[in-house]
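Undergrad: Enclosed is the structure file entry04.csv (CSV, C-alpha atoms).
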chain,number,residue,atom,x,y,z
A,1,MET,CA,-2.3,-1.0,-20.6
A,2,LYS,CA,-1.1,2.2,-19.2
A,3,ALA,CA,2.1,2.4,-17.2
A,4,ILE,CA,2.3,2.2,-13.4
A,5,LEU,CA,5.2,3.5,-11.3
A,6,THR,CA,5.3,3.0,-7.6
A,7,VAL,CA,7.5,4.9,-5.0
A,8,THR,CA,8.5,3.6,-1.7
A,9,ALA,CA,10.4,6.0,0.7
A,10,ASN,CA,10.8,3.4,3.5
A,11,PRO,CA,11.0,-0.1,2.1
A,12,ALA,CA,11.7,-3.2,4.2
A,13,VAL,CA,12.5,-6.9,4.0
A,14,ASP,CA,9.6,-8.6,5.8
A,15,LEU,CA,10.4,-11.6,7.9
A,16,TYR,CA,7.5,-13.9,8.8
A,17,VAL,CA,7.9,-16.6,11.4
A,18,THR,CA,5.7,-18.9,13.4
A,19,VAL,CA,6.0,-19.8,17.1
A,20,ASP,CA,3.8,-22.1,19.2
A,21,ARG,CA,3.2,-19.5,21.9
A,22,LEU,CA,4.7,-16.1,22.9
A,23,VAL,CA,6.1,-16.4,26.4
A,24,PRO,CA,8.2,-13.7,28.0
A,25,ARG,CA,11.8,-14.2,29.0
A,26,GLN,CA,12.1,-17.6,27.2
A,27,LYS,CA,13.9,-18.6,24.1
A,28,LEU,CA,11.2,-19.1,21.5
A,29,ARG,CA,11.9,-21.5,18.6
A,30,CYS,CA,10.7,-20.1,15.4
A,31,ARG,CA,9.5,-22.2,12.5
A,32,MET,CA,8.8,-21.7,8.8
A,33,PRO,CA,10.7,-18.4,8.3
A,34,ARG,CA,9.8,-16.5,5.1
A,35,ARG,CA,11.3,-13.3,3.7
A,36,ASP,CA,9.6,-11.1,1.2
A,37,PRO,CA,10.3,-7.6,-0.2
A,38,GLY,CA,8.2,-5.1,1.7
A,39,GLY,CA,7.1,-1.5,2.0
A,40,GLY,CA,3.9,0.1,0.6
A,41,GLY,CA,4.9,0.8,-3.0
A,42,VAL,CA,7.1,-2.3,-3.3
A,43,ASN,CA,4.2,-4.4,-2.3
A,44,VAL,CA,1.9,-2.6,-4.7
A,45,ALA,CA,4.2,-3.4,-7.6
A,46,ARG,CA,4.5,-7.0,-6.5
A,47,ALA,CA,0.7,-7.3,-6.2
A,48,VAL,CA,0.2,-5.8,-9.7
A,49,ARG,CA,2.4,-8.5,-11.1
A,50,ASN,CA,0.5,-11.2,-9.1
A,51,LEU,CA,-2.7,-9.9,-10.7
A,52,GLY,CA,-1.3,-10.2,-14.3
A,53,GLY,CA,-0.1,-6.6,-14.8
A,54,GLU,CA,3.3,-4.8,-14.8
A,55,ALA,CA,4.5,-2.0,-12.5
A,56,VAL,CA,8.0,-0.5,-11.9
A,57,ALA,CA,9.1,0.0,-8.3
A,58,VAL,CA,11.3,2.9,-7.3
A,59,TYR,CA,12.6,2.8,-3.7
A,60,HIS,CA,15.3,4.0,-1.4
A,61,SER,CA,17.9,1.2,-0.9
A,62,GLY,CA,21.0,0.8,1.2
A,63,GLY,CA,23.1,-1.8,2.9
A,64,VAL,CA,22.9,-5.6,3.0
A,65,MET,CA,19.1,-5.5,3.4
A,66,GLY,CA,18.8,-3.2,0.4
A,67,GLU,CA,20.8,-5.7,-1.7
A,68,ALA,CA,18.6,-8.6,-0.5
A,69,LEU,CA,15.5,-6.6,-1.3
A,70,GLY,CA,16.7,-6.0,-4.9
A,71,ARG,CA,17.6,-9.7,-5.4
A,72,MET,CA,14.2,-10.8,-4.2
A,73,LEU,CA,12.4,-8.3,-6.6
A,74,THR,CA,14.5,-9.6,-9.5
A,75,GLU,CA,13.6,-13.2,-8.6
A,76,GLU,CA,9.9,-12.2,-8.6
A,77,GLY,CA,10.3,-10.5,-12.0
A,78,VAL,CA,9.4,-7.0,-10.7
A,79,GLU,CA,11.2,-4.3,-12.6
A,80,HIS,CA,12.8,-2.0,-10.0
A,81,TYR,CA,15.0,1.0,-9.6
A,82,PRO,CA,16.8,1.5,-6.3
A,83,VAL,CA,17.7,5.0,-5.2
A,84,PRO,CA,21.0,4.7,-3.2
A,85,ILE,CA,21.0,5.8,0.5
A,86,SER,CA,23.8,5.5,3.1
A,87,GLY,CA,21.6,3.8,5.7
A,88,GLU,CA,20.5,0.2,6.0
A,89,VAL,CA,17.0,-0.8,4.7
A,90,ARG,CA,15.0,-1.9,7.6
A,91,GLU,CA,13.7,-5.4,8.4
A,92,SER,CA,10.2,-5.9,9.7
A,93,LEU,CA,9.0,-8.9,11.7
A,94,VAL,CA,5.6,-10.6,11.7
A,95,VAL,CA,5.1,-13.3,14.2
A,96,LEU,CA,2.3,-15.8,14.1
A,97,GLU,CA,1.4,-17.4,17.4
A,98,ALA,CA,0.1,-20.8,16.3
A,99,GLY,CA,-1.7,-21.6,19.5
A,100,SER,CA,-4.0,-18.5,19.3
A,101,GLY,CA,-3.8,-17.7,15.6
A,102,ARG,CA,-2.8,-14.1,16.5
A,103,GLU,CA,-0.4,-12.1,14.4
A,104,TYR,CA,2.1,-9.7,15.9
A,105,ARG,CA,3.6,-7.1,13.6
A,106,LEU,CA,6.9,-5.4,14.7
A,107,VAL,CA,7.8,-2.5,12.5
A,108,LEU,CA,11.1,-0.6,12.7
A,109,PRO,CA,11.3,3.1,11.8
A,110,GLY,CA,13.8,2.7,9.0
A,111,PRO,CA,17.1,4.4,8.3
A,112,GLU,CA,17.8,8.2,8.4
A,113,VAL,CA,17.5,9.5,4.8
A,114,ARG,CA,19.6,12.5,4.0
A,115,GLU,CA,18.2,15.5,2.0
A,116,GLU,CA,20.4,14.8,-1.0
A,117,GLU,CA,19.1,11.2,-1.0
A,118,TRP,CA,15.3,12.0,-1.0
A,119,ARG,CA,15.9,14.8,-3.4
A,120,ARG,CA,17.7,12.3,-5.7
A,121,CYS,CA,14.5,10.2,-5.6
A,122,LEU,CA,12.4,13.2,-6.6
A,123,ASP,CA,14.8,14.1,-9.4
A,124,LEU,CA,14.6,10.5,-10.8
A,125,LEU,CA,10.8,10.7,-10.8
A,126,ALA,CA,10.8,14.1,-12.5
A,127,ALA,CA,13.1,12.8,-15.2
A,128,TRP,CA,11.3,9.5,-15.8
A,129,ALA,CA,10.5,8.9,-19.4
A,130,PRO,CA,8.0,8.1,-20.7
A,131,VAL,CA,5.9,9.7,-18.0
A,132,PRO,CA,3.8,7.0,-16.2
A,133,ASP,CA,0.1,7.2,-16.3
A,134,TYR,CA,-0.2,6.3,-12.6
A,135,LEU,CA,2.3,7.3,-10.0
A,136,VAL,CA,1.7,5.5,-6.7
A,137,GLY,CA,3.2,6.8,-3.5
A,138,SER,CA,2.6,4.3,-0.7
A,139,GLY,CA,3.9,3.5,2.8
A,140,SER,CA,5.5,5.4,5.7
A,141,LEU,CA,8.1,8.1,5.5
A,142,PRO,CA,11.6,7.3,7.0
A,143,PRO,CA,13.4,9.6,9.5
A,144,GLY,CA,14.9,12.5,7.6
A,145,ALA,CA,12.3,12.7,4.9
A,146,PRO,CA,10.2,15.8,4.9
A,147,GLU,CA,6.5,15.6,6.0
A,148,ASP,CA,5.5,16.9,2.6
A,149,PHE,CA,7.4,14.3,0.7
A,150,TRP,CA,4.3,12.8,-0.9
A,151,ALA,CA,3.1,16.3,-1.7
A,152,ARG,CA,6.3,16.9,-3.6
A,153,VAL,CA,5.8,13.6,-5.4
A,154,SER,CA,2.3,14.7,-6.3
A,155,ARG,CA,3.7,18.0,-7.7
A,156,VAL,CA,6.1,16.0,-9.9
A,157,ALA,CA,3.2,13.8,-11.1
A,158,ARG,CA,1.0,16.7,-11.9
A,159,THR,CA,3.8,18.6,-13.7
A,160,GLY,CA,4.4,15.5,-15.9
A,161,GLY,CA,0.8,14.6,-16.4
A,162,ALA,CA,0.6,11.5,-14.3
A,163,ARG,CA,-2.2,10.6,-12.0
A,164,MET,CA,-1.0,10.5,-8.4
A,165,VAL,CA,-2.2,7.8,-6.0
A,166,VAL,CA,-1.4,8.1,-2.3
A,167,ASP,CA,-1.7,5.5,0.4
A,168,SER,CA,0.0,6.8,3.5
A,169,SER,CA,-0.9,8.2,6.9
A,170,GLY,CA,-0.3,11.1,9.3
A,171,ALA,CA,1.3,14.3,8.2
A,172,GLY,CA,2.5,12.8,5.0
A,173,LEU,CA,-1.1,11.9,3.9
A,174,ALA,CA,-2.4,15.3,5.0
A,175,ALA,CA,0.3,17.2,3.0
A,176,ALA,CA,-0.5,15.1,-0.1
A,177,LEU,CA,-4.2,15.9,0.2
A,178,GLU,CA,-3.4,19.6,0.7
A,179,GLU,CA,-1.4,19.5,-2.6
A,180,GLY,CA,-4.1,17.5,-4.3
A,181,VAL,CA,-4.0,13.9,-5.7
A,182,TYR,CA,-6.1,11.8,-8.1
A,183,LEU,CA,-6.8,8.9,-5.7
A,184,ALA,CA,-6.4,8.5,-2.0
A,185,LYS,CA,-6.9,5.3,0.0
A,186,PRO,CA,-7.1,6.0,3.7
A,187,ASN,CA,-8.7,3.8,6.4
A,188,ARG,CA,-11.1,5.1,8.9
A,189,THR,CA,-8.5,6.1,11.5
A,190,GLU,CA,-6.4,7.9,8.8
A,191,LEU,CA,-9.5,9.7,7.6
A,192,GLU,CA,-10.3,10.8,11.1
A,193,ALA,CA,-6.8,12.1,11.6
A,194,VAL,CA,-7.0,14.1,8.4
A,195,THR,CA,-10.4,15.6,9.2
A,196,GLY,CA,-9.8,16.0,12.9
A,197,SER,CA,-13.2,14.5,13.6
A,198,ARG,CA,-14.6,11.4,15.1
A,199,LEU,CA,-16.5,9.6,12.3
A,200,GLU,CA,-18.8,7.3,14.2
A,201,ASP,CA,-21.3,6.3,11.5
A,202,GLU,CA,-21.6,5.8,7.8
A,203,GLU,CA,-23.2,9.2,7.1
A,204,ALA,CA,-20.2,10.9,8.8
A,205,LEU,CA,-17.8,8.9,6.7
A,206,ARG,CA,-19.7,9.8,3.6
A,207,GLU,CA,-19.8,13.5,4.5
A,208,ALA,CA,-16.1,13.6,5.3
A,209,SER,CA,-15.2,11.8,2.1
A,210,ARG,CA,-17.4,14.0,0.0
A,211,ASP,CA,-15.9,17.1,1.5
A,212,LEU,CA,-12.4,16.1,0.5
A,213,VAL,CA,-13.5,15.3,-3.0
A,214,GLU,CA,-15.4,18.6,-3.4
A,215,LYS,CA,-12.4,20.6,-2.0
A,216,GLY,CA,-10.1,19.1,-4.6
A,217,ALA,CA,-8.0,17.2,-2.1
A,218,CYS,CA,-8.6,14.1,-4.3
A,219,ARG,CA,-10.8,13.3,-7.3
A,220,VAL,CA,-11.4,9.8,-6.0
A,221,LEU,CA,-11.4,8.5,-2.4
A,222,ALA,CA,-11.4,4.8,-1.6
A,223,LEU,CA,-12.0,4.4,2.1
A,224,SER,CA,-11.0,1.0,3.6
A,225,LEU,CA,-13.3,-0.1,6.4
A,226,GLY,CA,-11.7,-3.5,7.2
A,227,SER,CA,-14.2,-6.3,7.8
A,228,GLU,CA,-17.0,-3.8,7.0
A,229,GLY,CA,-15.8,-3.4,3.4
A,230,ALA,CA,-15.0,-0.2,1.7
A,231,LEU,CA,-16.6,3.1,0.6
A,232,LEU,CA,-15.9,4.8,-2.8
A,233,THR,CA,-16.5,8.5,-3.2
A,234,TRP,CA,-16.0,10.5,-6.4
A,235,GLU,CA,-17.7,13.2,-8.4
A,236,GLY,CA,-20.4,10.7,-9.4
A,237,GLY,CA,-21.4,9.9,-5.8
A,238,HIS,CA,-20.8,7.0,-3.5
A,239,ARG,CA,-20.5,3.2,-3.9
A,240,ARG,CA,-20.5,0.9,-0.8
A,241,VAL,CA,-19.1,-2.6,-1.1
A,242,ARG,CA,-19.3,-5.2,1.7
A,243,VAL,CA,-16.7,-7.9,1.4
A,244,PRO,CA,-17.6,-11.6,1.3
A,245,GLU,CA,-16.5,-13.8,4.1
A,246,VAL,CA,-13.2,-15.5,3.6
A,247,GLU,CA,-10.9,-17.5,5.9
A,248,ILE,CA,-8.5,-14.9,7.2
A,249,ARG,CA,-5.0,-16.3,7.3
A,250,SER,CA,-3.1,-13.0,7.4
A,251,ASP,CA,-3.9,-9.3,6.9
A,252,VAL,CA,-0.4,-8.4,5.9
A,253,GLY,CA,-0.4,-6.6,2.5
A,254,ALA,CA,-4.2,-6.5,2.2
A,255,GLY,CA,-4.2,-2.7,1.8
A,256,ASP,CA,-1.4,-2.8,-0.8
A,257,SER,CA,-3.2,-5.4,-2.7
A,258,PHE,CA,-6.3,-3.2,-2.7
A,259,VAL,CA,-4.4,-0.3,-4.2
A,260,ALA,CA,-2.7,-2.6,-6.8
A,261,GLY,CA,-6.0,-4.1,-7.9
A,262,MET,CA,-7.7,-0.7,-8.2
A,263,VAL,CA,-4.9,1.0,-10.0
A,264,LEU,CA,-4.3,-2.0,-12.4
A,265,ALA,CA,-8.0,-1.9,-13.3
A,266,LEU,CA,-7.9,1.8,-13.9
A,267,SER,CA,-4.8,1.4,-16.1
A,268,ARG,CA,-6.8,-1.2,-18.1
A,269,GLY,CA,-9.5,1.4,-18.8
A,270,LYS,CA,-12.1,0.3,-16.3
A,271,ASP,CA,-14.4,2.9,-14.9
A,272,VAL,CA,-13.8,4.0,-11.3
A,273,GLU,CA,-16.6,1.8,-9.8
A,274,GLU,CA,-15.4,-1.4,-11.5
A,275,ALA,CA,-11.8,-0.6,-10.6
A,276,PHE,CA,-12.9,-0.1,-7.0
A,277,CYS,CA,-14.6,-3.5,-6.9
A,278,PHE,CA,-11.5,-5.1,-8.3
A,279,GLY,CA,-9.5,-3.4,-5.6
A,280,VAL,CA,-11.7,-4.7,-2.9
A,281,ALA,CA,-11.5,-8.2,-4.4
A,282,ALA,CA,-7.7,-8.1,-4.5
A,283,GLY,CA,-7.5,-6.8,-0.9
A,284,THR,CA,-9.9,-9.5,0.3
A,285,ALA,CA,-7.9,-12.1,-1.7
A,286,ALA,CA,-4.8,-11.1,0.3
A,287,LEU,CA,-6.5,-12.0,3.5
A,288,ALA,CA,-6.7,-15.6,2.4
A,289,THR,CA,-3.0,-16.0,1.8
A,290,PRO,CA,-0.5,-17.0,4.6
A,291,GLY,CA,2.1,-14.7,6.1
A,292,THR,CA,3.6,-12.0,3.9
A,293,GLU,CA,2.2,-13.5,0.7
A,294,LEU,CA,0.1,-11.0,-1.3
A,295,CYS,CA,-3.1,-11.6,-3.3
A,296,ARG,CA,-3.4,-14.3,-5.9
A,297,ARG,CA,-4.9,-13.6,-9.3
A,298,ASP,CA,-7.4,-16.5,-9.4
A,299,ASP,CA,-8.7,-15.6,-5.9
A,300,ALA,CA,-9.0,-11.9,-6.8
A,301,GLU,CA,-10.9,-12.6,-10.1
A,302,ALA,CA,-13.2,-15.1,-8.4
A,303,LEU,CA,-14.0,-12.6,-5.6
A,304,PHE,CA,-14.5,-9.8,-8.2
A,305,ARG,CA,-17.1,-11.9,-10.0
A,306,GLN,CA,-18.9,-12.5,-6.7
A,307,LEU,CA,-18.8,-8.8,-5.8
A,308,CYS,CA,-19.6,-7.2,-9.1
A,309,GLY,CA,-20.3,-9.9,-11.6
Would you encode the structure as structure tokens?

TA:
Amino acid sequence: MKAILTVTANPAVDLYVTVDRLVPRQKLRCRMPRRDPGGGGVNVARAVRNLGGEAVAVYHSGGVMGEALGRMLTEEGVEHYPVPISGEVRESLVVLEAGSGREYRLVLPGPEVREEEWRRCLDLLAAWAPVPDYLVGSGSLPPGAPEDFWARVSRVARTGGARMVVDSSGAGLAAALEEGVYLAKPNRTELEAVTGSRLEDEEALREASRDLVEKGACRVLALSLGSEGALLTWEGGHRRVRVPEVEIRSDVGAGDSFVAGMVLALSRGKDVEEAFCFGVAAGTAALATPGTELCRRDDAEALFRQLCG
């Protein structure tokens, strides 16, 4: 299997709690607290391991929360390399209101990252040996990081001969696509932001995706459409997959599981269509797990057989 390296510029420790009902100005007693390592690339590496593969997680780390994040990754058996920063790794909160079944996700911006700190991360990636086959840049950018951080990571990947995968949003995603990547995984809202257009039907989505591939912004575009499934676009054309119905327990980490499944399948030599199907299966499997738990291997493999068997 080919090597996978993930990069997280803005990791987190995810806290998941349950309350009976959210009521303003009252003390709410929380139950069943659960803490997990979080942040895009960290979750991708964790999901790859859940699916039976191996990935190394590189991430900015500082403070007590950074130490806790590292301990949890070690306990899960995920190989990881923290890049020291002076700020405190953020904590994110997900609250399940048991009475309604609604989830509320409260996301902090993260610590300020100094120039010498984010440059240290880029230097580590540039010096990584042996060069990974897939370099996954995923998640938000923290305050202080340049908008073109993922574009810089893509440049490092291309120089070393790695395939760059990006799953981000806003200016960070736009800059990465301007630089050029192997695989991009936006959702509909993120694609609309990149193109500056309202994409109201499937034909518009196909045209926008095809345009990015033809311009060289990415070689492969996996567009996540939530409950409507996903759309794959590459030089060979399009592939539309509609997800099977599952009991949705939480959508936390579904996108990261999608990326993990697709990149893992590619690293195992699967063609892009089969890898896309496995990504959809892994993302769907994550919906069936509670809280901040990611996809489970047995669920993902069963869904894959159902989708593309």

Undergrad: Kindly give the distance, in Å, that separates CA of Leu232 (chain A) and CA of Phe258 (chain A), rounded to a single decimal.

TA: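 Pair CA of Leu232 (chain A) / CA of Phe258 (chain A) returns 12.5 Å.
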
Undergrad: Using all atoms listed in the file, which residue out of A:Pro244, A:Gly216, A:Pro111, A:Gly196 lies closest to Leu141 (chain A)?

TA: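 Result for the nearest residue to Leu141 (chain A): A:Pro111.
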
Undergrad: So how many Å separate CA of Glu67 (chain A) and CA of Ala9 (chain A), to one decimal?

TA: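 Separation between CA of Glu67 (chain A) and CA of Ala9 (chain A): 15.8 Å.
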
Undergrad: For the contact check between region 91-132 of chain A and region 27-42 of chain A, emit one row per residue of region 91-132 of chain A within 12 Å, containing the shortest atom pair and the distance in Å rounded to one decimal, counting only C-alpha atoms, chain then rising number order, as JSON lines.

TA:
{"residue": "A:Glu91", "atom": "CA", "partner": "A:Gly38", "partner_atom": "CA", "distance": 8.7}
{"residue": "A:Ser92", "atom": "CA", "partner": "A:Gly38", "partner_atom": "CA", "distance": 8.3}
{"residue": "A:Leu93", "atom": "CA", "partner": "A:Arg35", "partner_atom": "CA", "distance": 9.4}
{"residue": "A:Val94", "atom": "CA", "partner": "A:Arg34", "partner_atom": "CA", "distance": 9.8}
{"residue": "A:Val95", "atom": "CA", "partner": "A:Cys30", "partner_atom": "CA", "distance": 8.9}
{"residue": "A:Leu96", "atom": "CA", "partner": "A:Cys30", "partner_atom": "CA", "distance": 9.5}
{"residue": "A:Glu97", "atom": "CA", "partner": "A:Cys30", "partner_atom": "CA", "distance": 9.9}
{"residue": "A:Ala98", "atom": "CA", "partner": "A:Arg31", "partner_atom": "CA", "distance": 10.2}
{"residue": "A:Val107", "atom": "CA", "partner": "A:Gly39", "partner_atom": "CA", "distance": 10.6}
{"residue": "A:Leu108", "atom": "CA", "partner": "A:Gly39", "partner_atom": "CA", "distance": 11.5}
{"residue": "A:Pro109", "atom": "CA", "partner": "A:Gly39", "partner_atom": "CA", "distance": 11.6}
{"residue": "A:Gly110", "atom": "CA", "partner": "A:Gly39", "partner_atom": "CA", "distance": 10.6}

Undergrad: Can you list, as a PyMOL selection string, every protein, DNA or RNA residue that comes within 8 Å of region 152-165 of chain A when you count all atoms listed in the file, leaving out same-chain residues fewer than 6 positions away?

TA: chain A and resi 122+125-126+131-138+176+179-184

Undergrad: How would the residues just picked look written out with C-alpha atoms as an mmCIF file, in the frame of the given file?

TA:
data_model
loop_
_atom_site.group_PDB
_atom_site.id
_atom_site.type_symbol
_atom_site.label_atom_id
_atom_site.label_comp_id
_atom_site.auth_asym_id
_atom_site.auth_seq_id
_atom_site.Cartn_x
_atom_site.Cartn_y
_atom_site.Cartn_z
ATOM 1 C CA LEU A 122 12.400 13.200 -6.600
ATOM 2 C CA LEU A 125 10.800 10.700 -10.800
ATOM 3 C CA ALA A 126 10.800 14.100 -12.500
ATOM 4 C CA VAL A 131 5.900 9.700 -18.000
ATOM 5 C CA PRO A 132 3.800 7.000 -16.200
ATOM 6 C CA ASP A 133 0.100 7.200 -16.300
ATOM 7 C CA TYR A 134 -0.200 6.300 -12.600
ATOM 8 C CA LEU A 135 2.300 7.300 -10.000
ATOM 9 C CA VAL A 136 1.700 5.500 -6.700
ATOM 10 C CA GLY A 137 3.200 6.800 -3.500
ATOM 11 C CA SER A 138 2.600 4.300 -0.700
ATOM 12 C CA ALA A 176 -0.500 15.100 -0.100
ATOM 13 C CA GLU A 179 -1.400 19.500 -2.600
ATOM 14 C CA GLY A 180 -4.100 17.500 -4.300
ATOM 15 C CA VAL A 181 -4.000 13.900 -5.700
ATOM 16 C CA TYR A 182 -6.100 11.800 -8.100
ATOM 17 C CA LEU A 183 -6.800 8.900 -5.700
ATOM 18 C CA ALA A 184 -6.400 8.500 -2.000
#

Undergrad: Go through A:Pro84, A:Gly144, A:Pro130, A:Pro24 and flag the residue nearest Ile4 (chain A), using all atoms listed in the file for the distances.

TA: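 Looking only at the distances to Ile4 (chain A), the closest residue turns out to be A:Pro130.
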
Undergrad: Excluding same-chain residues fewer than 2 positions from region 291-299 of chain A, what lies within 7 Å of it counting only C-alpha atoms, as a ChimeraX atom specification?

TA: /A:16,36,47,50-51,250,252-253,257,282-283,285-286,289,301-303

Undergrad: Leaving out Ala193 (chain A) and any residue of its chain fewer than 5 positions from it, which residues lie within 12 Å of it when counting all atoms listed in the file, given as a PyMOL selection string?

TA: chain A and resi 168-174+186-188+198-199+208

Undergrad: Kindly indicate which residue among A:Leu287, A:Ala12, A:Leu22, A:Ala260 lies nearest to Gly70 (chain A), using only C-alpha atoms for the distances.

TA: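 Checking each candidate against Gly70 (chain A), we get A:Ala12 as the closest.
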
Undergrad: Which polymer residues have any atom within 10 Å of an atom of Arg206 (chain A), counting all atoms listed in the file, with same-chain residues fewer than 4 positions away left out, as a list in words?

TA: Leu199, Asp201, Glu202, Arg210, Asp211, Leu223, Leu231, Leu232, Thr233, Gly237, His238 and Arg240 of chain A

Undergrad: May I ask which of the residues A:Val19, A:Ala175, A:Ala275, A:Val113 is the closest one to Gly99 (chain A), counting only C-alpha atoms?

TA: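 The answer is A:Val19, which sits nearest to Gly99 (chain A).
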
Undergrad: Env of Phe278 (chain A): 7 Å cut, atoms = all atoms listed in the file, seq-sep filter 4 positions within chain, self excluded. Answer as number ranges by chain.

TA: A: 261-262, 265, 274, 282, 304

Undergrad: Could you state the separation of CA of Val56 (chain A) and CA of Tyr81 (chain A) in Å, given to one decimal place?

TA: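 These two atoms are separated by 7.5 Å.
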
Undergrad: Considering all atoms listed in the file, can you say which of A:Ala45, A:Val78, A:Val89, A:Leu15 comes closest to Val64 (chain A)?

TA: A:Val89

Undergrad: Using only C-alpha atoms for the distances, tell me which of A:Gln306, A:Ser100, A:Ser209, A:Asn10 is nearest to Pro143 (chain A).

TA: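 That would be A:Asn10, the residue with the smallest distance to Pro143 (chain A).
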
Undergrad: Can you find the residues with an atom no farther than 7 Å from (-11.7, 12.5, 5.8), counting all atoms listed in the file, and report them as a short mmCIF file (atom, residue, chain, number, x, y, z; two decimals) with C-alpha atoms, in the coordinates of the input?

TA:
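This went into selection_3.cif:
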data_model
loop_
_atom_site.label_atom_id
_atom_site.label_comp_id
_atom_site.auth_asym_id
_atom_site.auth_seq_id
_atom_site.Cartn_x
_atom_site.Cartn_y
_atom_site.Cartn_z
CA LEU A 191 -9.50 9.70 7.60
CA GLU A 192 -10.30 10.80 11.10
CA VAL A 194 -7.00 14.10 8.40
CA THR A 195 -10.40 15.60 9.20
CA ALA A 208 -16.10 13.60 5.30
CA SER A 209 -15.20 11.80 2.10
CA LEU A 212 -12.40 16.10 0.50
#
